[in-house]
>>> print(open('my_file-v2.cif').read())   # mmCIF, C-alpha atoms
data_work
loop_
_atom_site.label_atom_id
_atom_site.label_comp_id
_atom_site.auth_asym_id
_atom_site.auth_seq_id
_atom_site.Cartn_x
_atom_site.Cartn_y
_atom_site.Cartn_z
CA MET A 1 -2.96 27.90 -6.51
CA GLN A 2 0.48 29.03 -7.60
CA LEU A 3 3.36 26.82 -6.51
CA LYS A 4 5.61 28.06 -3.73
CA ALA A 5 8.84 26.40 -2.68
CA THR A 6 10.88 27.39 0.36
CA SER A 7 14.17 25.70 1.17
CA ARG A 8 15.74 25.20 4.56
CA VAL A 9 18.83 23.24 5.56
CA VAL A 10 18.77 20.66 8.35
CA GLY A 11 22.28 19.26 8.86
CA SER A 12 23.40 18.11 5.43
CA ILE A 13 19.87 17.83 4.08
CA ALA A 14 17.94 20.43 2.12
CA VAL A 15 14.26 20.35 3.02
CA VAL A 16 11.99 22.03 0.49
CA ASP A 17 8.52 22.97 1.73
CA ILE A 18 6.25 23.08 -1.28
CA SER A 19 2.68 24.31 -1.53
CA GLY A 20 0.26 24.59 -4.44
CA ARG A 21 -0.09 22.63 -7.65
CA ILE A 22 2.81 21.01 -9.49
CA THR A 23 1.54 21.23 -13.04
CA LEU A 24 2.64 22.02 -16.57
CA GLY A 25 4.10 25.50 -16.78
CA ASP A 26 5.24 27.60 -13.85
CA GLY A 27 4.71 24.91 -11.21
CA SER A 28 6.90 22.31 -12.87
CA ALA A 29 9.45 24.95 -13.83
CA LEU A 30 9.77 26.22 -10.26
CA LEU A 31 10.25 22.71 -8.91
CA ARG A 32 12.93 22.03 -11.55
CA LYS A 33 14.70 25.31 -10.79
CA THR A 34 14.62 24.69 -7.04
CA VAL A 35 15.96 21.14 -7.22
CA ARG A 36 18.61 21.97 -9.83
CA GLY A 37 19.66 25.01 -7.79
CA LEU A 38 20.19 22.89 -4.68
CA LEU A 39 22.14 20.27 -6.61
CA ASP A 40 24.30 22.97 -8.19
CA GLU A 41 25.06 24.27 -4.69
CA GLY A 42 26.32 20.81 -3.83
CA ARG A 43 23.26 19.85 -1.79
CA SER A 44 22.51 16.39 -3.08
CA HIS A 45 20.38 15.16 -0.18
CA ILE A 46 16.96 16.64 -0.78
CA LEU A 47 13.68 16.10 1.04
CA LEU A 48 10.60 17.46 -0.70
CA ASN A 49 7.83 18.23 1.78
CA LEU A 50 4.66 17.90 -0.30
CA GLY A 51 2.26 18.32 2.62
CA ASP A 52 0.58 21.33 1.03
CA VAL A 53 0.60 19.98 -2.52
CA ASP A 54 -2.85 18.71 -3.38
CA TYR A 55 -2.51 18.35 -7.12
CA ILE A 56 0.15 17.01 -9.49
CA ASP A 57 -0.35 16.35 -13.19
CA SER A 58 1.77 14.22 -15.53
CA SER A 59 4.16 17.11 -16.07
CA GLY A 60 4.65 17.46 -12.33
CA ILE A 61 5.18 13.72 -11.98
CA GLY A 62 7.82 13.96 -14.70
CA GLU A 63 9.54 16.73 -12.81
CA LEU A 64 9.63 14.70 -9.60
CA VAL A 65 11.13 11.76 -11.50
CA SER A 66 13.64 14.06 -13.17
CA GLY A 67 14.73 15.45 -9.81
CA PHE A 68 15.00 11.94 -8.37
CA SER A 69 17.20 10.75 -11.26
CA THR A 70 19.37 13.86 -11.35
CA ALA A 71 20.03 13.69 -7.61
CA LYS A 72 20.89 10.00 -7.89
CA ASN A 73 23.24 10.64 -10.84
CA ARG A 74 25.09 13.16 -8.69
CA GLY A 75 25.50 10.68 -5.88
CA GLY A 76 22.64 12.03 -3.82
CA GLU A 77 19.06 11.22 -2.95
CA LEU A 78 15.71 12.90 -3.34
CA LYS A 79 12.94 11.72 -1.01
CA LEU A 80 9.35 12.71 -0.42
CA LEU A 81 7.57 13.73 2.77
CA ASN A 82 3.90 14.16 3.73
CA LEU A 83 1.92 13.14 0.67
CA SER A 84 -1.70 14.22 0.43
CA ARG A 85 -4.21 11.48 -0.34
CA ARG A 86 -4.43 12.41 -4.01
CA VAL A 87 -0.68 12.62 -4.51
CA HIS A 88 -0.24 9.33 -2.66
CA ASP A 89 -2.87 7.66 -4.86
CA LEU A 90 -1.31 9.11 -8.00
CA LEU A 91 2.12 7.75 -7.11
CA GLN A 92 0.60 4.36 -6.38
CA LEU A 93 -1.31 4.35 -9.66
CA THR A 94 1.82 5.17 -11.63
CA LYS A 95 3.91 2.65 -9.63
CA LEU A 96 6.22 5.43 -8.52
CA TYR A 97 5.45 4.75 -4.89
CA THR A 98 7.88 1.85 -5.26
CA VAL A 99 10.54 4.15 -6.73
CA PHE A 100 10.53 7.04 -4.26
CA ASP A 101 11.32 6.82 -0.58
CA VAL A 102 8.21 8.29 1.02
CA TYR A 103 7.86 9.38 4.66
CA SER A 104 5.11 10.81 6.78
CA ASP A 105 7.37 12.02 9.59
CA GLU A 106 10.12 14.56 9.01
CA ALA A 107 12.46 13.35 11.74
CA THR A 108 12.34 9.80 10.39
CA ALA A 109 12.87 11.08 6.85
CA LEU A 110 15.91 13.11 7.92
CA ARG A 111 17.44 10.14 9.70
CA SER A 112 17.01 7.96 6.61
CA PHE A 113 19.59 9.84 4.56
CA GLY A 114 22.93 8.06 4.54
CA MET B 1 -26.14 13.64 -31.53
CA THR B 2 -29.71 13.27 -30.22
CA ALA B 3 -32.03 16.06 -29.16
CA GLU B 4 -31.35 15.04 -25.57
CA THR B 5 -27.64 15.71 -25.95
CA LYS B 6 -26.31 19.07 -24.85
CA HIS B 7 -23.22 20.20 -26.70
CA LEU B 8 -20.55 22.69 -25.76
CA GLU B 9 -17.53 23.44 -27.92
CA ILE B 10 -14.54 25.73 -27.51
CA THR B 11 -11.45 26.35 -29.64
CA LEU B 12 -8.27 26.90 -27.67
CA ASP B 13 -4.93 28.40 -28.61
CA THR B 14 -1.90 26.17 -28.43
CA GLN B 15 -0.46 27.61 -25.24
CA VAL B 16 0.04 26.48 -21.65
CA GLU B 17 -2.78 28.69 -20.39
CA SER B 18 -5.25 26.67 -22.45
CA VAL B 19 -4.58 23.66 -20.25
CA ASN B 20 -5.78 25.48 -17.13
CA LEU B 21 -8.68 27.07 -18.98
CA ALA B 22 -9.93 23.73 -20.32
CA GLU B 23 -9.62 22.08 -16.92
CA GLU B 24 -11.44 24.91 -15.19
CA MET B 25 -14.26 24.95 -17.74
CA CYS B 26 -14.83 21.20 -17.57
CA LEU B 27 -14.66 21.21 -13.79
CA ARG B 28 -17.48 23.75 -13.67
CA VAL B 29 -19.57 21.67 -16.05
CA ALA B 30 -18.88 18.49 -14.06
CA GLU B 31 -19.79 20.19 -10.78
CA ALA B 32 -22.99 21.61 -12.30
CA ILE B 33 -23.96 18.15 -13.53
CA GLY B 34 -23.60 16.81 -10.02
CA PHE B 35 -20.41 14.77 -10.13
CA GLY B 36 -18.83 14.28 -6.70
CA GLU B 37 -15.49 15.75 -5.68
CA ASP B 38 -13.42 12.72 -6.63
CA ASP B 39 -15.05 12.35 -10.05
CA CYS B 40 -14.61 16.06 -10.70
CA TYR B 41 -10.92 15.65 -9.88
CA ARG B 42 -10.65 12.71 -12.30
CA ILE B 43 -12.52 14.55 -15.06
CA GLY B 44 -10.48 17.71 -14.56
CA MET B 45 -7.22 15.79 -14.60
CA SER B 46 -8.26 13.88 -17.73
CA VAL B 47 -9.17 17.06 -19.59
CA ARG B 48 -5.92 18.58 -18.47
CA GLU B 49 -3.94 15.59 -19.75
CA GLY B 50 -5.88 15.54 -23.02
CA VAL B 51 -5.13 19.18 -23.69
CA ILE B 52 -1.48 18.77 -22.65
CA ASN B 53 -1.29 15.91 -25.15
CA ALA B 54 -2.76 18.11 -27.90
CA PHE B 55 -0.56 21.07 -26.95
CA HIS B 56 2.72 19.20 -26.72
CA TYR B 57 2.54 16.01 -28.82
CA GLY B 58 -0.21 16.85 -31.30
CA ASN B 59 0.36 20.50 -32.17
CA ARG B 60 4.05 20.40 -31.19
CA GLU B 61 3.50 23.67 -29.28
CA ARG B 62 3.04 25.51 -32.58
CA PRO B 63 0.93 28.62 -31.87
CA GLU B 64 -0.72 28.72 -35.31
CA LYS B 65 -2.48 25.42 -34.55
CA LYS B 66 -5.63 25.10 -32.47
CA ILE B 67 -6.98 22.68 -29.88
CA HIS B 68 -10.66 21.79 -30.18
CA LEU B 69 -12.44 20.84 -26.97
CA ALA B 70 -16.04 19.64 -27.03
CA LEU B 71 -18.37 18.30 -24.35
CA ASP B 72 -21.47 16.23 -25.02
CA LEU B 73 -23.84 15.70 -22.13
CA THR B 74 -26.17 12.80 -22.85
CA PRO B 75 -28.76 11.35 -20.46
CA GLU B 76 -26.18 8.67 -19.63
CA LYS B 77 -22.76 10.27 -19.58
CA LEU B 78 -20.48 13.21 -20.11
CA VAL B 79 -18.40 12.74 -23.26
CA ILE B 80 -15.29 14.84 -23.77
CA HIS B 81 -13.52 15.29 -27.10
CA VAL B 82 -10.05 16.83 -27.42
CA ARG B 83 -8.88 17.21 -31.01
CA ASP B 84 -5.53 18.56 -32.20
CA GLU B 85 -4.19 19.57 -35.60
CA GLY B 86 -1.16 17.28 -35.58
CA GLN B 87 -0.34 14.01 -37.31
CA GLY B 88 -2.40 11.68 -35.14
CA PHE B 89 -1.12 8.59 -33.35
CA ASN B 90 -2.04 5.00 -32.62
CA LEU B 91 -2.80 4.02 -29.05
CA GLN B 92 -0.91 0.75 -29.42
CA ASP B 93 2.27 2.72 -30.15
CA VAL B 94 2.15 4.49 -26.79
CA PRO B 95 4.68 2.94 -24.36
CA ASP B 96 3.36 1.47 -21.13
CA PRO B 97 4.49 3.83 -18.34
CA LEU B 98 4.21 1.01 -15.81
CA ALA B 99 6.78 -1.14 -17.60
CA GLU B 100 9.97 -1.45 -15.57
CA GLU B 101 12.06 0.24 -18.26
CA ASN B 102 9.70 3.24 -18.40
CA LEU B 103 9.18 3.86 -14.69
CA LEU B 104 11.83 6.57 -14.58
CA SER B 105 10.72 8.22 -17.79
CA THR B 106 9.97 11.90 -17.30
CA SER B 107 7.01 11.83 -19.70
CA GLY B 108 4.41 9.50 -21.21
CA ARG B 109 1.88 9.17 -18.37
CA GLY B 110 -0.93 11.34 -19.74
CA ILE B 111 -2.72 8.69 -21.77
CA PHE B 112 -2.39 6.24 -18.89
CA LEU B 113 -3.99 8.70 -16.46
CA MET B 114 -6.91 9.46 -18.79
CA ARG B 115 -7.55 5.74 -19.23
CA ALA B 116 -7.40 5.19 -15.50
CA PHE B 117 -9.65 8.11 -14.55
CA MET B 118 -12.39 7.89 -17.20
CA ASP B 119 -14.93 5.12 -17.86
CA GLU B 120 -14.32 5.04 -21.60
CA PHE B 121 -11.32 6.21 -23.57
CA ASP B 122 -10.33 6.06 -27.21
CA VAL B 123 -8.21 7.91 -29.73
CA LEU B 124 -9.63 8.48 -33.19
CA ARG B 125 -8.31 10.04 -36.33
CA GLY B 126 -9.62 13.62 -36.30
CA ARG B 127 -11.53 15.15 -39.19
CA ASN B 128 -8.42 16.90 -40.50
CA GLY B 129 -5.88 14.20 -39.74
CA GLY B 130 -4.97 15.03 -36.16
CA ALA B 131 -5.77 12.95 -33.10
CA GLU B 132 -9.13 13.12 -31.38
CA ILE B 133 -9.24 11.86 -27.83
CA VAL B 134 -12.75 10.77 -26.86
CA MET B 135 -13.42 9.92 -23.24
CA SER B 136 -16.48 9.68 -21.10
CA LYS B 137 -17.71 9.43 -17.55
CA ARG B 138 -21.07 7.99 -16.59
CA LEU B 139 -23.33 10.46 -14.87
CA PRO B 140 -23.70 10.10 -11.10
CA GLY B 141 -26.04 7.27 -10.24
CA ARG B 142 -25.79 5.54 -13.61
CA ALA B 143 -24.94 1.85 -13.40
CA GLN B 144 -21.88 0.59 -15.25
CA SER B 145 -23.44 -2.58 -16.65
CA SER B 146 -26.11 -0.82 -18.70
CA HIS B 147 -23.57 1.01 -20.85
CA ASN B 148 -21.04 -1.62 -21.81
CA GLY B 149 -20.28 -1.58 -25.48
CA GLU B 150 -21.54 1.94 -25.99
CA GLY B 151 -18.12 3.32 -26.73
CA ALA B 152 -17.60 7.03 -26.59
CA SER B 153 -16.04 6.74 -30.04
CA ARG B 154 -19.51 6.19 -31.53
CA LYS B 155 -20.46 9.74 -30.75
CA ARG B 156 -18.56 11.15 -33.65
CA GLY B 157 -17.22 9.73 -36.88
CA SER B 158 -13.51 10.05 -37.62
#
>>> encode(input="my_file-v2.cif", output="structure tokens")
Amino acid sequence: MQLKATSRVVGSIAVVDISGRITLGDGSALLRKTVRGLLDEGRSHILLNLGDVDYIDSSGIGELVSGFSTAKNRGGELKLLNLSRRVHDLLQLTKLYTVFDVYSDEATALRSFG
Amino acid sequence: MTAETKHLEITLDTQVESVNLAEEMCLRVAEAIGFGEDDCYRIGMSVREGVINAFHYGNRERPEKKIHLALDLTPEKLVIHVRDEGQGFNLQDVPDPLAEENLLSTSGRGIFLMRAFMDEFDVLRGRNGGAEIVMSKRLPGRAQSSHNGEGASRKRGS
């Protein structure tokens, strides 16, 4: 399934609702473009809602890490919301669950941004 | 290869679309064999990562090079070979993506995922100098203990 990403703004936080597969090629490229676009607009607090993402490969993982690091380097934060079982397991396997702030409730995630 | 082994081979172009094609093809084979949903996911992901490795690191995304994907179905396991036309590499030279200093690396997790998702995994020197990833998954219902030491790498000489 082709990746779709829709952004909305809640207060000072950009919430990106993503659906599909984040994989090598168009999926990773769209995620990169979306996150970089938000950062370039000055929106450095980003919450990626991955509730409808059921598949991420190593390229997609790399893109999530890239977004996380870029946001941090610009004084912001990138956090994750609503992981599917497979994405959750993948982040645990790769030890990235300890790197990202992960939430299962949007209101709690929004409140967590400083 | 024994008479009981079924063999399927496909040559792929060095392009992003080949990654999806290889994954899709192997998923269909895995489903037809009777692997469950989780094992199909692991096999599909491993094939995907193997072909990404060949596409990006092996063939350096050069379109004149090919990626060779082969499946061997034995009575015991499904063996998958992914061979590129690059320079080859040694597994011990691949950085550990779980090391603290590599956690925020944006690449280098493909080999780790294949190792984690498959029962056997090895990298050989391919017939023409490139790398040949050989990985296998025991067929559904096959016990682990009866296959120890039967490395997938024995299936094909380097």
>>> resolve_selection(input="my_file-v2.cif", expression="the PyMOL selection byres ((chain A) within 10 of (chain B))", output="list of chain:residue names")
A:Thr23, A:Leu24, A:Gly25, A:Asp26, A:Tyr55, A:Ile56, A:Asp57, A:Ser58, A:Ser59, A:Gly60, A:Ile61, A:Gly62, A:Glu63, A:Leu64, A:Val65, A:Ser66, A:Gly67, A:Phe68, A:Ser69, A:Arg86, A:Leu90, A:Leu93, A:Thr94, A:Lys95, A:Leu96, A:Thr98, A:Val99
>>> resolve_selection(input="my_file-v2.cif", expression="the PyMOL selection byres ((chain A and resi 36) around 12)", output="ChimeraX atom specification")
/A:29-35,37-46,63-64,66-71,74,78
>>> resolve_selection(input="my_file-v2.cif", expression="the PyMOL selection byres ((chain B and resi 138-141) around 8)", output="PDB file with C-alpha atoms, in the coordinates of the input")
ATOM      1  CA  ILE B  33     -23.960  18.150 -13.530  1.00  0.00           C
ATOM      2  CA  GLY B  34     -23.600  16.810 -10.020  1.00  0.00           C
ATOM      3  CA  PHE B  35     -20.410  14.770 -10.130  1.00  0.00           C
ATOM      4  CA  GLY B  36     -18.830  14.280  -6.700  1.00  0.00           C
ATOM      5  CA  PRO B  75     -28.760  11.350 -20.460  1.00  0.00           C
ATOM      6  CA  GLU B  76     -26.180   8.670 -19.630  1.00  0.00           C
ATOM      7  CA  LYS B  77     -22.760  10.270 -19.580  1.00  0.00           C
ATOM      8  CA  LEU B  78     -20.480  13.210 -20.110  1.00  0.00           C
ATOM      9  CA  ASP B 119     -14.930   5.120 -17.860  1.00  0.00           C
ATOM     10  CA  SER B 136     -16.480   9.680 -21.100  1.00  0.00           C
ATOM     11  CA  LYS B 137     -17.710   9.430 -17.550  1.00  0.00           C
ATOM     12  CA  ARG B 142     -25.790   5.540 -13.610  1.00  0.00           C
ATOM     13  CA  ALA B 143     -24.940   1.850 -13.400  1.00  0.00           C
ATOM     14  CA  GLN B 144     -21.880   0.590 -15.250  1.00  0.00           C
TER      15      GLN B 144
END
>>> closest_residue(input="my_file-v2.cif", among="B:Met135, B:Ile43, B:Val94, B:Ala22", to="Tyr57 in chain B", atoms="only C-alpha atoms")
B:Val94
>>> atom_distance(input="my_file-v2.cif", atom1="CA of Lys72 in chain A", atom2="CA of Ala14 in chain A")
14.8 Å
>>> atom_distance(input="my_file-v2.cif", atom1="CA of Glu37 in chain B", atom2="CA of Gly20 in chain A")
18.1 Å
>>> closest_residue(input="my_file-v2.cif", among="A:Ser104, A:Ala5, A:Val10, A:Leu110", to="Arg85 in chain A", atoms="all atoms listed in the file")
A:Ser104
>>> atom_distance(input="my_file-v2.cif", atom1="CA of Ala131 in chain B", atom2="CA of Phe55 in chain B")
11.4 Å
>>> residues_around(input="my_file-v2.cif", residues="Asp52 in chain A", least_positions_apart="2", cutoff="7 Å", atoms="only C-alpha atoms", output="MDAnalysis selection string")
chainID A and resid 18:20 50 54
>>> closest_residue(input="my_file-v2.cif", among="B:Glu85, B:Glu23, B:Ile10, B:Pro95", to="Pro63 in chain B", atoms="only C-alpha atoms")
B:Glu85
>>> residues_around(input="my_file-v2.cif", residues="Leu47 in chain A", least_positions_apart="5", cutoff="7 Å", atoms="only C-alpha atoms", output="ChimeraX atom specification")
/A:14-16,78-81
>>> closest_residue(input="my_file-v2.cif", among="B:Glu101, B:Asp13, B:Asp96, B:Glu31", to="Glu64 in chain B", atoms="only C-alpha atoms")
B:Asp13
